[in-house]
Amino acid sequence: MESFNIKNRRYIFAGTFTNMESIKLKGEPIPDELKNGRVLLHCCCAPCSTAIIEWMVQEGLRLGIFFSNSNIVPFDEYAHRRSELERYAASYGLEVIDDEYDHNAWLAWVRSLESEHGSVAAMPERGLRCLECFKFRLIRAAEYAAVHEYDILTTTLASSRWKDLEQVDEAGRFACNAANAAHSEDGYHVRWWGQNWRKGGLQERRGCLIREYGLYNQSYCGCEFSLHGLG
Ligand code: SF4
């Protein structure tokens, strides 16, 4: 059973949570309780974040941008994606919250699947490795949200056509449930915002903004398995 620590709290890989809470807003106006809450946006890269950040700023949401992507190798690639996000966010006067980079912990988390499901390297993109990859990153985001009193968590992963939206949603619910369980005595409660960020014209707007800002657009998802064409 795999586990890792975030700020003295221990998270254990224990499969999928049941009775998960989620906010379903697909294609609907933003409810007031979300407008008034603090939103932590987990960002995977600048291209996927463009239209979402622009839209959230236009909507007046109180927004934090969280970069937690220990899946990415090599480190130079990670640093480049982060700096592109910082450049884009700065144009809105926003700073990027940078999580600790720990690729070994990420590898240990996804390798917990190997005995049951065969080689992690052999798993295709959108397979179980990707679901666990999302969980690893979103647990860290949910923990940050709980500690820093954000009300809502969502992710730009749900803007990529290469990602399975159901996997992203499952991982987000899992992460918020884990963080809420870890902080139940503190009284914090982070809600998962399971939005489809491809809708509402955001997919088209994303392409315009990437060109306008001349953003670096990576050619692989992030991990070594996708880098070598295995994912
Ligand atoms: S292919 Fe992408 S989503 Fe899947 S495990 Fe690798 S980095 Fe994560």
# chains A, B, ... in the order shown; residues from 1 in each chain; ligands from 1
>>> residues_around(residues="Ile139 of chain A", least_positions_apart="5", cutoff="9 Å", atoms="only C-alpha atoms", output="PyMOL selection string")
chain A and resi 11+134+144+171-172+174-176+178-179
>>> closest_atom_pairs(of="segment 129-214 of chain A", to="segment 89-102 of chain A", cutoff="12 Å", atoms="only C-alpha atoms", output="JSON lines")
{"residue": "A:Phe136", "atom": "CA", "partner": "A:Asp102", "partner_atom": "CA", "distance": 10.9}
{"residue": "A:Arg137", "atom": "CA", "partner": "A:Asp99", "partner_atom": "CA", "distance": 9.6}
{"residue": "A:Leu138", "atom": "CA", "partner": "A:Asp99", "partner_atom": "CA", "distance": 11.3}
{"residue": "A:Ile139", "atom": "CA", "partner": "A:Asp99", "partner_atom": "CA", "distance": 11.7}
{"residue": "A:Arg140", "atom": "CA", "partner": "A:Asp99", "partner_atom": "CA", "distance": 8.1}
{"residue": "A:Ala141", "atom": "CA", "partner": "A:Asp99", "partner_atom": "CA", "distance": 8.5}
{"residue": "A:Ala142", "atom": "CA", "partner": "A:Asp99", "partner_atom": "CA", "distance": 11.9}
{"residue": "A:Glu143", "atom": "CA", "partner": "A:Asp99", "partner_atom": "CA", "distance": 11.0}
{"residue": "A:Tyr144", "atom": "CA", "partner": "A:Asp99", "partner_atom": "CA", "distance": 8.9}
{"residue": "A:Ala145", "atom": "CA", "partner": "A:Ile97", "partner_atom": "CA", "distance": 11.2}
{"residue": "A:His148", "atom": "CA", "partner": "A:Ile97", "partner_atom": "CA", "distance": 11.5}
{"residue": "A:Leu209", "atom": "CA", "partner": "A:Ser91", "partner_atom": "CA", "distance": 11.9}
{"residue": "A:Tyr213", "atom": "CA", "partner": "A:Ser91", "partner_atom": "CA", "distance": 9.8}
>>> write_last_selection(atoms="C-alpha atoms", output="PDB file, in the first residue's frame")
ATOM      1  CA  PHE A 136      -1.718  12.266  -6.806  1.00  0.00           C
ATOM      2  CA  ARG A 137      -1.760  15.839  -8.096  1.00  0.00           C
ATOM      3  CA  LEU A 138      -5.284  16.697  -6.949  1.00  0.00           C
ATOM      4  CA  ILE A 139      -4.777  15.326  -3.430  1.00  0.00           C
ATOM      5  CA  ARG A 140      -1.925  17.771  -3.044  1.00  0.00           C
ATOM      6  CA  ALA A 141      -4.133  20.566  -4.373  1.00  0.00           C
ATOM      7  CA  ALA A 142      -7.015  19.626  -2.078  1.00  0.00           C
ATOM      8  CA  GLU A 143      -4.679  19.535   0.903  1.00  0.00           C
ATOM      9  CA  TYR A 144      -3.383  22.994   0.027  1.00  0.00           C
ATOM     10  CA  ALA A 145      -6.958  24.221  -0.376  1.00  0.00           C
ATOM     11  CA  HIS A 148      -5.306  27.743   3.152  1.00  0.00           C
ATOM     12  CA  LEU A 209      -4.869  32.931 -26.337  1.00  0.00           C
ATOM     13  CA  TYR A 213       0.739  35.031 -25.921  1.00  0.00           C
TER      14      TYR A 213
END
>>> closest_residue(among="A:Val147, A:Ala122, A:Cys133, A:Pro47", to="Ala182 of chain A", atoms="only C-alpha atoms")
A:Val147
>>> atom_distance(atom1="atom CA of Leu61 of chain A", atom2="atom 8 (Fe, counted along the ligand's line) of ligand 1")
28.0 Å
>>> residues_near_ligand(ligand="ligand 1", cutoff="6 Å", atoms="only C-alpha atoms and all ligand atoms", output="mmCIF file with N, CA and C atoms, in the first residue's frame")
data_model
loop_
_atom_site.group_PDB
_atom_site.id
_atom_site.type_symbol
_atom_site.label_atom_id
_atom_site.label_comp_id
_atom_site.auth_asym_id
_atom_site.auth_seq_id
_atom_site.Cartn_x
_atom_site.Cartn_y
_atom_site.Cartn_z
ATOM 1 N N ASN A 71 4.410 14.762 -11.985
ATOM 2 C CA ASN A 71 4.459 13.767 -13.051
ATOM 3 C C ASN A 71 5.448 14.143 -14.153
ATOM 4 N N GLU A 125 -2.291 5.958 -22.181
ATOM 5 C CA GLU A 125 -2.893 7.179 -21.663
ATOM 6 C C GLU A 125 -4.400 6.965 -21.599
ATOM 7 N N ARG A 129 -3.030 4.257 -14.903
ATOM 8 C CA ARG A 129 -1.898 5.101 -14.484
ATOM 9 C C ARG A 129 -2.321 6.568 -14.476
ATOM 10 N N CYS A 130 -3.070 6.968 -15.473
ATOM 11 C CA CYS A 130 -3.487 8.375 -15.564
ATOM 12 C C CYS A 130 -4.471 8.731 -14.450
ATOM 13 N N CYS A 133 -2.391 9.220 -11.491
ATOM 14 C CA CYS A 133 -1.626 10.459 -11.686
ATOM 15 C C CYS A 133 -2.487 11.666 -11.305
ATOM 16 N N CYS A 221 2.484 14.487 -22.779
ATOM 17 C CA CYS A 221 1.677 14.795 -21.602
ATOM 18 C C CYS A 221 2.540 15.220 -20.418
ATOM 19 N N GLY A 222 3.583 14.427 -20.098
ATOM 20 C CA GLY A 222 4.407 14.854 -18.968
ATOM 21 C C GLY A 222 5.328 13.789 -18.402
ATOM 22 N N CYS A 223 4.803 12.588 -18.160
ATOM 23 C CA CYS A 223 5.633 11.562 -17.520
ATOM 24 C C CYS A 223 6.559 10.899 -18.538
ATOM 25 N N SER A 226 4.799 8.866 -21.315
ATOM 26 C CA SER A 226 4.262 9.628 -22.442
ATOM 27 C C SER A 226 5.394 10.226 -23.274
ATOM 28 N N GLY A 231 2.686 6.283 -23.435
ATOM 29 C CA GLY A 231 1.439 6.623 -22.779
ATOM 30 C C GLY A 231 0.421 7.191 -23.713
#
>>> closest_residue(among="A:Met56, A:Cys43, A:Leu215, A:Ile152", to="Arg87 of chain A", atoms="only C-alpha atoms")
A:Leu215
>>> atom_distance(atom1="atom CA of Trp193 of chain A", atom2="atom CA of Arg161 of chain A")
18.4 Å
>>> atom_distance(atom1="atom CA of Thr154 of chain A", atom2="atom CA of Ala121 of chain A")
27.6 Å
>>> select_by_dssp(residues="segment 97-142 of chain A", states="alpha helix (DSSP H)", output="PyMOL selection string")
chain A and resi 103-111+114-117+128-142
>>> residues_around(residues="Ser49 of chain A", least_positions_apart="3", cutoff="10 Å", atoms="only C-alpha atoms", output="VMD selection string")
chain A and resid 41 to 46 52 to 54 65 85 88 to 89 155 to 157 159 to 160 197 206 209 to 210
>>> select_by_dssp(residues="segment 49-105 of chain A", states="strand (DSSP E or B)", output="PyMOL selection string")
chain A and resi 62-67+96-98
>>> closest_residue(among="A:Leu113, A:Tyr150, A:Asp76, A:Lys35", to="Gly64 of chain A", atoms="only C-alpha atoms")
A:Tyr150
>>> closest_residue(among="A:Gln167, A:Arg205, A:Phe225, A:Asp151", to="Leu131 of chain A", atoms="only C-alpha atoms")
A:Gln167
>>> closest_residue(among="A:Gln58, A:Arg81, A:Tyr188, A:Val73", to="Gln218 of chain A", atoms="only C-alpha atoms")
A:Arg81
